[in-house]
Every structure is written in structure tokens, then in C-alpha cells.
>>> print(open('input_24.txt').read())   # compact mmCIF, C-alpha atoms and all ligand atoms
# COMPACT_ATOMS: atom_id res chain seq x y z
CA MET A 4 0.00 0.00 0.00
CA PRO A 5 -0.54 2.45 -1.56
CA GLY A 6 -0.15 2.93 -5.33
CA TYR A 7 -0.57 6.70 -5.09
CA GLU A 8 3.00 6.86 -3.85
CA TRP A 9 4.12 5.81 -7.32
CA ILE A 10 1.94 8.08 -9.50
CA GLY A 11 4.18 9.49 -12.23
CA GLU A 12 4.91 9.92 -15.93
CA MET A 13 3.18 6.72 -17.04
CA GLU A 14 -0.11 7.84 -15.49
CA LYS A 15 0.22 11.26 -17.15
CA GLU A 16 0.86 9.71 -20.58
CA GLN A 17 -2.12 7.38 -20.24
CA VAL A 18 -4.46 10.15 -19.12
CA ASN A 19 -3.27 12.45 -21.90
CA GLU A 20 -4.16 9.84 -24.49
CA VAL A 21 -7.73 10.03 -23.21
CA LEU A 22 -7.77 13.83 -23.04
CA ASP A 23 -6.48 13.98 -26.62
CA THR A 24 -9.64 12.22 -27.78
CA GLY A 25 -11.94 14.28 -25.52
CA ILE A 26 -13.94 11.11 -24.82
CA LEU A 27 -14.01 10.48 -21.09
CA PHE A 28 -16.71 7.81 -21.17
CA ARG A 29 -16.27 4.08 -21.59
CA TYR A 30 -19.28 3.44 -23.84
CA GLU A 31 -20.28 4.90 -27.25
CA PHE A 32 -18.38 7.50 -29.34
CA ASP A 33 -16.68 4.74 -31.34
CA ARG A 34 -15.60 7.07 -34.15
CA GLU A 35 -14.42 9.98 -31.99
CA ARG A 36 -12.38 7.93 -29.53
CA LYS A 37 -9.93 6.84 -32.28
CA GLY A 38 -9.42 3.35 -30.95
CA VAL A 39 -8.85 4.44 -27.32
CA TYR A 40 -10.77 2.16 -24.95
CA LYS A 41 -8.90 2.49 -21.65
CA VAL A 42 -11.43 0.86 -19.32
CA LYS A 43 -11.80 -2.12 -21.66
CA GLU A 44 -8.02 -2.46 -21.93
CA PHE A 45 -7.65 -2.20 -18.14
CA GLU A 46 -10.29 -4.92 -17.69
CA ASP A 47 -8.45 -7.20 -20.14
CA GLN A 48 -5.12 -6.68 -18.39
CA PHE A 49 -6.69 -7.12 -14.97
CA ALA A 50 -8.29 -10.41 -16.04
CA ARG A 51 -4.91 -11.57 -17.35
CA TYR A 52 -3.14 -10.52 -14.14
CA THR A 53 -5.57 -12.32 -11.83
CA GLY A 54 -6.10 -15.30 -14.12
CA ALA A 55 -9.87 -14.68 -14.25
CA VAL A 56 -11.72 -15.19 -17.52
CA TYR A 57 -13.74 -11.97 -17.16
CA ALA A 58 -13.17 -8.66 -15.39
CA HIS A 59 -15.63 -5.78 -15.22
CA ALA A 60 -14.61 -2.35 -13.91
CA VAL A 61 -16.86 -0.21 -11.70
CA THR A 62 -16.69 2.96 -9.63
CA SER A 63 -15.45 1.57 -6.31
CA GLY A 64 -14.78 -1.57 -4.30
CA THR A 65 -18.11 -1.04 -2.55
CA ALA A 66 -19.86 -0.81 -5.93
CA ALA A 67 -18.04 -3.98 -7.00
CA LEU A 68 -19.52 -5.85 -4.02
CA ARG A 69 -23.00 -4.46 -4.72
CA VAL A 70 -22.77 -5.37 -8.42
CA ALA A 71 -21.44 -8.86 -7.70
CA LEU A 72 -24.24 -9.54 -5.21
CA ALA A 73 -26.76 -8.41 -7.84
CA ALA A 74 -25.14 -10.66 -10.45
CA LEU A 75 -25.35 -13.57 -8.01
CA GLY A 76 -29.05 -12.81 -7.48
CA VAL A 77 -28.63 -12.14 -3.76
CA GLY A 78 -31.44 -10.03 -2.31
CA HIS A 79 -34.35 -9.77 0.10
CA GLY A 80 -34.90 -12.97 2.04
CA ASP A 81 -31.27 -14.09 1.79
CA GLU A 82 -28.64 -14.32 4.49
CA VAL A 83 -25.00 -13.60 3.62
CA ILE A 84 -22.30 -14.80 5.99
CA THR A 85 -19.21 -12.66 6.36
CA GLN A 86 -16.63 -11.85 8.99
CA GLY A 87 -17.06 -9.22 11.72
CA PHE A 88 -13.57 -7.89 11.01
CA THR A 89 -13.76 -6.18 7.62
CA PHE A 90 -14.24 -2.69 6.25
CA ILE A 91 -17.86 -1.57 6.76
CA ALA A 92 -18.38 -1.67 2.95
CA THR A 93 -18.83 -5.46 3.02
CA PHE A 94 -21.82 -5.09 5.35
CA GLU A 95 -23.15 -2.03 3.53
CA ALA A 96 -23.22 -3.85 0.20
CA ILE A 97 -25.13 -6.79 1.67
CA ILE A 98 -27.66 -4.45 3.27
CA GLU A 99 -28.01 -2.37 0.07
CA SER A 100 -28.79 -5.57 -1.81
CA GLY A 101 -31.73 -6.16 0.55
CA ALA A 102 -30.16 -9.18 2.23
CA VAL A 103 -29.07 -9.59 5.85
CA PRO A 104 -25.42 -9.86 6.92
CA VAL A 105 -24.66 -12.72 9.31
CA PRO A 106 -21.38 -12.06 11.11
CA ALA A 107 -18.93 -14.89 11.72
CA GLU A 108 -15.64 -15.18 13.60
CA ILE A 109 -12.16 -14.78 12.18
CA ASP A 110 -9.21 -17.05 12.95
CA GLU A 111 -5.49 -16.26 13.28
CA THR A 112 -5.25 -15.57 9.54
CA LEU A 113 -7.38 -12.51 10.52
CA ASN A 114 -9.91 -13.75 7.98
CA LEU A 115 -13.11 -15.81 7.99
CA ASP A 116 -12.84 -18.91 10.18
CA PRO A 117 -14.13 -21.82 8.03
CA VAL A 118 -15.35 -23.74 11.08
CA ASP A 119 -17.43 -20.85 12.38
CA PHE A 120 -18.68 -20.08 8.86
CA GLU A 121 -20.07 -23.62 8.61
CA LYS A 122 -21.83 -23.31 11.98
CA ARG A 123 -23.72 -20.20 10.85
CA ILE A 124 -25.21 -21.70 7.68
CA THR A 125 -29.03 -21.86 7.62
CA ASP A 126 -31.52 -22.70 4.88
CA LYS A 127 -31.56 -18.97 4.05
CA THR A 128 -27.79 -18.68 3.49
CA ARG A 129 -27.35 -17.69 -0.13
CA ALA A 130 -23.77 -16.48 -0.18
CA VAL A 131 -20.58 -16.17 1.83
CA ILE A 132 -18.14 -13.27 1.59
CA PRO A 133 -14.67 -14.17 2.84
CA VAL A 134 -12.66 -10.95 3.05
CA HIS A 135 -8.90 -11.25 2.52
CA MET A 136 -7.92 -8.60 5.04
CA LEU A 137 -4.68 -6.65 5.17
CA GLY A 138 -3.10 -8.21 2.10
CA SER A 139 -3.25 -11.86 3.07
CA PRO A 140 -5.42 -14.91 2.24
CA ALA A 141 -8.24 -16.53 4.17
CA ARG A 142 -8.33 -20.35 4.35
CA ILE A 143 -10.07 -20.09 1.04
CA GLN A 144 -9.77 -23.74 0.00
CA GLU A 145 -11.66 -24.87 3.09
CA ILE A 146 -14.25 -22.13 2.70
CA VAL A 147 -14.85 -23.05 -0.95
CA GLN A 148 -15.21 -26.72 -0.07
CA ILE A 149 -17.81 -26.03 2.63
CA ALA A 150 -19.76 -23.53 0.49
CA GLN A 151 -19.83 -25.71 -2.60
CA GLY A 152 -21.05 -28.67 -0.56
CA LYS A 153 -24.06 -26.58 0.55
CA ASN A 154 -24.73 -24.77 -2.73
CA ILE A 155 -23.73 -21.40 -1.28
CA LYS A 156 -22.30 -18.75 -3.61
CA ILE A 157 -18.79 -17.50 -2.82
CA LEU A 158 -17.91 -13.84 -3.31
CA GLU A 159 -14.34 -13.03 -2.32
CA ASP A 160 -13.88 -9.46 -1.10
CA THR A 161 -10.31 -9.00 -2.31
CA ALA A 162 -10.34 -5.20 -1.94
CA GLN A 163 -7.24 -5.35 0.26
CA ALA A 164 -5.34 -8.25 -1.29
CA LEU A 165 -4.72 -7.74 -5.01
CA GLY A 166 -1.78 -9.91 -6.04
CA ALA A 167 -2.00 -12.33 -3.11
CA ALA A 168 -2.65 -16.00 -3.87
CA VAL A 169 -3.09 -19.52 -2.54
CA GLY A 170 -1.34 -22.38 -4.31
CA GLY A 171 -0.41 -20.04 -7.16
CA LYS A 172 -4.07 -19.16 -7.83
CA LYS A 173 -4.76 -15.46 -7.26
CA LEU A 174 -7.26 -14.41 -4.62
CA GLY A 175 -10.55 -13.30 -6.09
CA THR A 176 -10.59 -16.24 -8.51
CA TRP A 177 -11.32 -19.03 -6.02
CA GLY A 178 -15.01 -18.27 -5.60
CA ASP A 179 -17.88 -17.62 -8.00
CA MET A 180 -16.89 -13.94 -8.08
CA GLY A 181 -14.19 -11.71 -6.66
CA THR A 182 -14.12 -7.96 -6.06
CA PHE A 183 -11.31 -5.40 -5.78
CA SER A 184 -10.94 -1.75 -4.73
CA PHE A 185 -8.67 0.91 -6.19
CA ASP A 186 -9.23 3.63 -3.59
CA PHE A 187 -6.56 5.83 -1.96
CA TYR A 188 -5.26 3.10 0.35
CA LYS A 189 -4.83 0.29 -2.13
CA THR A 190 -1.71 -1.06 -3.85
CA LEU A 191 -3.26 -0.31 -7.24
CA THR A 192 -5.20 2.96 -7.22
CA THR A 193 -7.33 4.75 -9.78
CA GLY A 194 -8.40 7.47 -7.35
CA GLU A 195 -11.66 5.64 -6.82
CA GLY A 196 -12.54 2.46 -8.61
CA GLY A 197 -13.24 -1.22 -8.35
CA MET A 198 -13.32 -4.47 -10.32
CA VAL A 199 -15.48 -7.58 -10.41
CA VAL A 200 -13.93 -10.81 -11.70
CA THR A 201 -15.47 -14.18 -12.52
CA ASN A 202 -14.97 -17.20 -14.77
CA ASP A 203 -18.69 -17.49 -15.45
CA ARG A 204 -19.94 -15.71 -18.57
CA GLU A 205 -23.51 -15.27 -17.35
CA LEU A 206 -22.34 -13.76 -14.04
CA TYR A 207 -20.06 -11.42 -15.98
CA LEU A 208 -22.90 -10.31 -18.26
CA ARG A 209 -25.24 -9.76 -15.32
CA ALA A 210 -22.56 -7.67 -13.58
CA SER A 211 -21.87 -5.57 -16.66
CA GLU A 212 -25.58 -5.00 -17.30
CA TYR A 213 -26.49 -4.24 -13.68
CA SER A 214 -23.69 -1.68 -13.41
CA ASP A 215 -24.98 0.21 -16.48
CA HIS A 216 -28.76 0.63 -15.94
CA GLY A 217 -29.39 -2.81 -17.41
CA HIS A 218 -27.92 -2.04 -20.88
CA ASP A 219 -27.28 -5.34 -22.65
CA HIS A 220 -24.34 -3.83 -24.60
CA ASN A 221 -25.47 -5.29 -27.90
CA PRO A 222 -22.64 -4.37 -30.31
CA ASP A 223 -25.03 -4.32 -33.28
CA LEU A 224 -27.30 -1.59 -31.91
CA PRO A 225 -26.82 2.07 -31.02
CA ARG A 226 -26.73 2.49 -27.25
CA ALA A 227 -30.15 4.16 -27.10
CA LEU A 228 -31.77 1.11 -28.70
CA GLU A 229 -30.10 -1.52 -26.54
CA SER A 230 -32.49 -3.61 -24.52
CA ARG A 231 -32.46 -4.77 -20.88
CA ARG A 232 -33.28 -7.90 -18.94
CA PHE A 233 -33.65 -6.29 -15.52
CA LEU A 234 -33.34 -3.06 -13.55
CA GLY A 235 -29.85 -1.81 -12.96
CA PHE A 236 -27.98 1.17 -11.60
CA ASN A 237 -24.99 3.31 -12.61
CA TYR A 238 -21.60 2.12 -11.40
CA ARG A 239 -19.66 2.87 -14.62
CA MET A 240 -15.92 3.45 -14.47
CA ASN A 241 -14.71 6.33 -16.68
CA GLU A 242 -11.83 6.44 -19.16
CA LEU A 243 -9.56 8.59 -16.95
CA GLN A 244 -9.74 5.97 -14.22
CA GLY A 245 -9.14 3.21 -16.78
CA ALA A 246 -6.06 5.08 -18.04
CA ILE A 247 -4.58 5.36 -14.55
CA GLY A 248 -5.40 1.72 -13.92
CA LEU A 249 -3.39 0.71 -16.99
CA ALA A 250 -0.34 2.64 -15.80
CA GLN A 251 -0.65 1.24 -12.29
CA ILE A 252 -1.14 -2.39 -13.29
CA SER A 253 2.06 -2.26 -15.32
CA LYS A 254 3.95 -1.57 -12.06
CA LEU A 255 1.92 -3.80 -9.77
CA ASP A 256 4.43 -6.61 -9.50
CA ALA A 257 7.23 -4.12 -8.82
CA MET A 258 5.12 -2.44 -6.12
CA ILE A 259 4.53 -5.78 -4.42
CA VAL A 260 8.25 -6.62 -4.57
CA ARG A 261 9.06 -3.27 -2.91
CA GLN A 262 6.41 -3.88 -0.23
CA LYS A 263 7.93 -7.30 0.41
CA GLN A 264 11.43 -5.83 0.84
CA ASN A 265 10.19 -3.13 3.20
CA ARG A 266 8.10 -5.52 5.22
CA GLU A 267 10.90 -8.03 5.61
CA LEU A 268 13.11 -5.35 7.16
CA ILE A 269 10.47 -4.74 9.83
CA GLU A 270 9.78 -8.45 10.32
CA GLU A 271 13.45 -9.23 10.91
CA THR A 272 13.30 -7.09 14.05
CA LEU A 273 9.94 -8.39 15.21
CA GLY A 274 11.16 -11.97 14.79
CA SER A 275 13.84 -11.35 17.38
CA ILE A 276 11.42 -10.04 20.03
CA ASP A 277 10.16 -12.61 22.56
CA GLY A 278 6.40 -12.60 23.01
CA VAL A 279 5.64 -11.53 19.43
CA THR A 280 3.96 -13.95 17.01
CA MET A 281 3.07 -13.24 13.43
CA ARG A 282 -0.29 -13.58 11.72
CA GLU A 283 -0.92 -17.04 10.21
CA LEU A 284 -0.65 -17.63 6.49
CA PRO A 285 -2.66 -20.59 5.09
CA VAL A 286 -0.70 -23.46 3.53
CA ASP A 287 0.68 -22.38 0.12
CA GLY A 288 -0.52 -18.83 0.81
CA LYS A 289 1.22 -15.84 -0.75
CA ASP A 290 0.81 -12.43 0.85
CA SER A 291 0.74 -9.08 -0.94
CA TYR A 292 2.86 -7.56 1.86
CA THR A 293 0.75 -4.48 2.50
CA HIS A 294 0.89 -4.72 6.31
CA VAL A 295 2.90 -6.28 9.11
CA CYS A 296 0.42 -7.99 11.42
CA PHE A 297 1.58 -9.41 14.75
CA PHE A 298 0.17 -10.57 18.07
CA LEU A 299 1.33 -9.76 21.56
CA GLU A 300 0.68 -12.15 24.46
CA ASN A 301 -2.47 -10.39 25.66
CA GLY A 302 -4.66 -7.36 25.09
CA ASP A 303 -2.98 -5.20 27.75
CA LYS A 304 0.45 -5.70 26.23
CA ALA A 305 -0.82 -5.04 22.72
CA ARG A 306 -2.55 -1.83 23.77
CA SER A 307 0.51 -0.48 25.58
CA PHE A 308 2.83 -1.57 22.77
CA HIS A 309 0.64 0.32 20.32
CA LYS A 310 0.61 3.40 22.59
CA THR A 311 4.37 3.32 23.06
CA LEU A 312 4.91 3.02 19.30
CA ALA A 313 2.69 6.07 18.76
CA GLU A 314 4.75 8.05 21.27
CA LYS A 315 7.84 7.17 19.25
CA GLY A 316 6.18 8.37 16.04
CA VAL A 317 5.56 4.90 14.56
CA SER A 318 2.10 4.81 13.06
CA ALA A 319 0.54 1.46 13.87
CA ILE A 320 -3.12 0.39 14.02
CA TYR A 321 -4.92 -1.22 16.96
CA PHE A 322 -7.91 -2.71 15.15
CA ARG A 323 -9.75 -3.78 18.34
CA ASP A 324 -10.64 -0.09 18.80
CA ASN A 325 -10.97 0.77 15.10
CA PHE A 326 -14.18 2.56 14.25
CA TRP A 327 -14.62 1.37 10.65
CA HIS A 328 -13.25 -2.19 10.48
CA TYR A 329 -14.78 -4.01 13.40
CA LEU A 330 -18.40 -4.85 14.10
CA ARG A 331 -17.99 -4.24 17.84
CA ASN A 332 -17.55 -0.52 17.15
CA TRP A 333 -20.25 -0.09 14.47
CA ASP A 334 -22.87 1.68 16.55
CA HIS A 335 -24.94 2.44 13.44
CA ILE A 336 -25.18 -1.25 12.50
CA ILE A 337 -25.80 -2.27 16.08
CA GLY A 338 -28.47 0.44 16.37
CA LYS A 339 -29.86 -0.44 12.90
CA LYS A 340 -29.73 3.22 11.92
CA THR A 341 -30.66 3.98 8.32
CA VAL A 342 -31.53 7.10 6.34
CA TRP A 343 -35.12 5.92 5.96
CA ASN A 344 -37.78 6.84 8.47
CA HIS A 345 -38.50 3.18 9.00
CA PRO A 346 -35.93 0.65 10.21
CA HIS A 347 -34.17 -1.55 7.68
CA PRO A 348 -35.80 -4.97 7.70
CA PHE A 349 -32.96 -6.83 9.35
CA GLY A 350 -35.08 -9.92 9.36
CA GLY A 351 -38.88 -9.86 9.44
CA PRO A 352 -41.57 -12.29 8.25
CA ILE A 353 -39.63 -13.58 5.25
CA TYR A 354 -36.88 -14.79 7.63
CA GLY A 355 -39.21 -15.75 10.45
CA LYS A 356 -37.01 -13.83 12.88
CA ASP A 357 -35.23 -10.52 13.49
CA PHE A 358 -31.45 -10.23 13.53
CA THR A 359 -29.65 -8.36 16.27
CA TYR A 360 -26.05 -7.22 16.36
CA THR A 361 -24.28 -6.72 19.68
CA PRO A 362 -20.77 -5.52 20.52
CA ASP A 363 -19.82 -8.82 22.17
CA MET A 364 -21.33 -11.22 19.63
CA LEU A 365 -17.94 -12.37 18.27
CA PRO A 366 -15.82 -13.33 21.32
CA ARG A 367 -13.11 -15.15 19.35
CA THR A 368 -12.68 -12.21 16.98
CA ASP A 369 -12.46 -9.93 20.00
CA GLU A 370 -9.78 -12.07 21.62
CA ILE A 371 -7.73 -12.16 18.40
CA LEU A 372 -8.06 -8.45 17.63
CA SER A 373 -7.29 -7.44 21.20
CA LYS A 374 -3.80 -8.95 20.82
CA LEU A 375 -3.19 -7.59 17.32
CA VAL A 376 -0.96 -4.68 16.29
CA VAL A 377 -0.63 -3.75 12.60
CA ILE A 378 1.93 -1.60 10.81
CA PRO A 379 1.09 -0.44 7.27
CA VAL A 380 3.95 -0.93 4.79
CA SER A 381 4.73 2.02 2.58
CA LEU A 382 6.32 1.88 -0.88
CA GLN A 383 8.34 5.07 -0.62
CA THR A 384 9.88 4.89 2.83
CA GLU A 385 13.65 4.82 2.53
CA GLU A 386 15.58 1.96 4.07
CA GLU A 387 17.04 4.32 6.67
CA LYS A 388 13.56 5.23 7.96
CA ILE A 389 12.54 1.60 8.09
CA ARG A 390 15.66 0.77 10.09
CA GLN A 391 14.74 3.59 12.48
CA MET A 392 11.28 2.06 12.80
CA ALA A 393 12.87 -1.30 13.57
CA MET A 394 14.89 0.34 16.35
CA ASP A 395 11.72 1.98 17.72
CA LEU A 396 10.02 -1.40 17.74
CA GLN A 397 12.93 -2.88 19.66
CA ALA A 398 12.87 -0.02 22.17
CA ALA A 399 9.08 -0.27 22.60
CA ALA A 400 9.43 -4.00 23.23
CA GLU A 401 12.04 -3.36 25.92
CA GLU A 402 9.74 -0.83 27.61
CA VAL A 403 6.52 -2.80 27.43
CA LEU A 404 7.14 -6.55 27.15
C1 LIG B 501 -12.36 -5.13 2.64
C2 LIG B 501 -12.88 -3.97 1.86
N1 LIG B 501 -13.99 -4.12 1.12
C3 LIG B 501 -14.48 -3.12 0.39
C4 LIG B 501 -13.89 -1.90 0.37
C5 LIG B 501 -14.52 -0.78 -0.39
O1 LIG B 501 -13.71 -0.25 -1.36
P1 LIG B 501 -13.92 1.27 -1.86
O2 LIG B 501 -13.31 2.17 -0.85
O3 LIG B 501 -13.19 1.29 -3.15
O4 LIG B 501 -15.37 1.46 -2.02
C6 LIG B 501 -12.72 -1.67 1.11
C7 LIG B 501 -12.06 -0.36 1.13
O5 LIG B 501 -11.24 -0.06 1.96
C8 LIG B 501 -12.21 -2.75 1.89
O6 LIG B 501 -11.12 -2.60 2.63
>>> encode(input="input_24.txt", output="C-alpha cells")
Amino acid sequence: MPGYEWIGEMEKEQVNEVLDTGILFRYEFDRERKGVYKVKEFEDQFARYTGAVYAHAVTSGTAALRVALAALGVGHGDEVITQGFTFIATFEAIIESGAVPVPAEIDETLNLDPVDFEKRITDKTRAVIPVHMLGSPARIQEIVQIAQGKNIKILEDTAQALGAAVGGKKLGTWGDMGTFSFDFYKTLTTGEGGMVVTNDRELYLRASEYSDHGHDHNPDLPRALESRRFLGFNYRMNELQGAIGLAQISKLDAMIVRQKQNRELIEETLGSIDGVTMRELPVDGKDSYTHVCFFLENGDKARSFHKTLAEKGVSAIYFRDNFWHYLRNWDHIIGKKTVWNHPHPFGGPIYGKDFTYTPDMLPRTDEILSKLVVIPVSLQTEEEKIRQMAMDLQAAAEEVL
């Protein structure tokens, strides 16, 4: 994280090619755009990079989740299981689709615990969203096996883990669909943006149609005469974003290599500190090296370690108290607050019950997050600064542990 640190000449050249045509939109204007189709090209390269058959670009990672849920046919009356440690967008997208999020525990990978996922399946479970948090894989093989055995759709929220893999297969391509984000914090950024990937042609078509008001994109008809199979919405990516995406994807592997180098320098130090254990990586898992995630022996030590690091100027994250990434602290979800003047139907007659969310409903997640400290890995930071950070870590450990 994050690609904005490497915005440069390539991005400018790509964007200028679009500006030279004056066509900022991905659809129509076939004559005027003089062969420039940046979003389409970005989608093709993204599909090639991830190994997916189809990729469809949208306006954000949140939009990608919403579009993928629509493509999968998830809606009112359905339950969607996902982890209680994720960015709020995963829950928002489920709720926007009309379905109900069912929170499950994480394990020491910091991602969905397959065992707890299985326990939460009901006859209303339509989909599961494992979220590959902080650059690293969930136990996706186990999750896929359980879901497929019960006919549950798998949507991988890969917003935070572009480039990571299990057994050489990129994350986002293990399930029925995968989604990605290109916002300010992500390794590949387009300012705002997102992508949906799948190997299933019908799911791809449904995603592309839903994200463009239902347009069927019939190449033989002018856009105004295209027909539609269902209602959609507008989540279209524009050509300027596609242009930036093309520049960024050409450096993606190099960005991940740099993240790896920077992270390893920090990990070397952490490895020598007693009482520190690293986050678990599933068998054959490959990280995208965006964060260093480590556990202290207990919550008290983790909290004071985090505080001491802050005093030394090291910016680390204590997710147990994070306002946006942990269900415990989502007072608006817990209070079922919506913009409507009636409550969102979190449950109701179609489910035969109402769902409630409470701060202490995920004790295992709480235990794991209470011991967790996370350091974001930057691309730009010079080796000297990272070595200073390593010394600060060492000093904090001596003070606190
Ligand atoms: C796990 C996860 N899902 C979804 C999103 C939403 O992405 P965006 O900010 O592009 O809407 C994010 C963004 O941080 C995320 O971390």
C-alpha cells in the first residue's frame, strides 16, 4: 500500500491519451475515440493478471460488491455470511442488496474462520463473503469446499489483497466472483474504482448489465436502442480511471516486490522479540505484503505496545478499537440506523425472525483483535527510515514486554 505513492509519468501519458480524444466515457463515441478504450483495456489486463476469464470495472470496491451480489441474485430474504472484522463496505453492500449480513468469527489468519462459517449456515444462506484482510489470504480452499457442498455462492472481497494467492491461484478467482478496490489506500489505485472478476460468462454479463442501468451492450445496436433484462444502476468506471489503472497495473508486481522488501526489514526485528507472534498464512498462501500484522501475548500488552509506538512516532493500528473495520464498534449497524424513516428490515416475516447485532457477539474475533498490532507498509519509505522504525520497535518492546 498504496499505489498513489508511485503516481508518475506513465499515469500522465495514459491520461493524456484520453484527453487527446476528448472522450471520457467508456461506452459509445466509437468514431471519436480513435481506438482508445482504456477501461476495456484495463479490464483485459486485470483479467490476465488475476487469471480470471472476465473482469468488469466499476466505480469503487463497494460498488463492485454491490454489483457482484446483484449478479449472483442475492437479495431480500437471503442471508449472507461474512466476517465481523472487515471494512464496513462489506456489510453495507449486503444491506443495500436487501439481504441480511450474518457475522462470523475470524481465525489467526485474521480472515473468515471456516469452522465458524459452517456453523452459521441456515436454509436462508445464499452467499458467503470471505474478506482477505490486510493483504493476506483466508483459508479459502476450506471455505470453498464447505460452500460448494451446501450450494452457497462464494464472493471473495479482495479489496485489500490484489496480487495475493493460494497455491499459485490469485485471490478473487477461487469463488464464484471476486471484487477489488482501487481507492486511496490500495496497492493499485485509480483514485476511486473497483473491479469484479469471474470465470462465469452469465455472471459477468449480469454484472456488466447491472452496473450500467441494465444495458445489454449489444454491439449491433446504437446504445439508445439496446435492450435490458432487468433493472440496474450506474456504477460505470470512466476512461480517466481506466487510463490510470493501466499505468498502475504495469507496475503492480514491482510495487509488491518493494512492499515485500520493506516488510521483511520490519519483520526481521519483530522476529527477534520474545512474546511476538506473526499472523498465520494458510498453507501455500502468498501475501501481498501491505501490512505487518503481529500478536502480543495479551490485550494489555498489545494496547501499551501500540501506545508506546505512537509516542515514538511509529504509526501502527490497533484494530480492536478501530471505528470502521470491526463490528464491535459499528454503533450504526448495532443500532440499525438507516436514512429511511422506517428501520431496515434486518429480518422480518420472510426470515421468520429478526437479527440483532451486539458488541460482544464475536468473542473469538475480539480475543484475536485485542492482541493484534498492525503496521502499514509504505512503498516510498527509505531503508534508513525503516531501520529507524525497527529500532523503535525494539525499544518499545524493551519498555513494554
Ligand atoms: C475489505 C474492503 N472491502 C471493500 C472496500 C470498499 O472499497 P472502496 O473504498 O473502493 O469502495 C474496502 C475499502 O477499503 C475494503 O477494505
>>> atom_distance(input="input_24.txt", atom1="atom CA of A:Ala58", atom2="atom CA of A:Phe236")
18.2 Å
>>> residues_near_ligand(input="input_24.txt", ligand="ligand LIG 501 (chain B)", cutoff="7 Å", atoms="only C-alpha atoms and all ligand atoms", output="list in words")
Ser63, Gly64, Thr65, Ala66, Thr89, Phe90, Ala92, Thr93, Val134, Met136, Asp160, Thr161, Ala162, Gln163, Ser184, Phe185, Asp186, Tyr188, Glu195, Gly196 and Gly197 of chain A
>>> closest_residue(input="input_24.txt", among="A:Phe187, A:Tyr207, A:Trp327, A:Phe32", to="A:Ala55", atoms="only C-alpha atoms")
A:Tyr207
>>> closest_residue(input="input_24.txt", among="A:Arg306, A:Arg266, A:Lys153, A:Arg282", to="A:Glu111", atoms="all atoms listed in the file")
A:Arg282
>>> atom_distance(input="input_24.txt", atom1="atom CA of A:Met240", atom2="atom CA of A:Thr293")
25.1 Å
>>> closest_residue(input="input_24.txt", among="A:Thr112, A:Thr201, A:Asn237, A:Gln397", to="A:Thr272", atoms="only C-alpha atoms")
A:Gln397
>>> atom_distance(input="input_24.txt", atom1="atom CA of A:Gly11", atom2="atom CA of A:Gln264")
21.4 Å
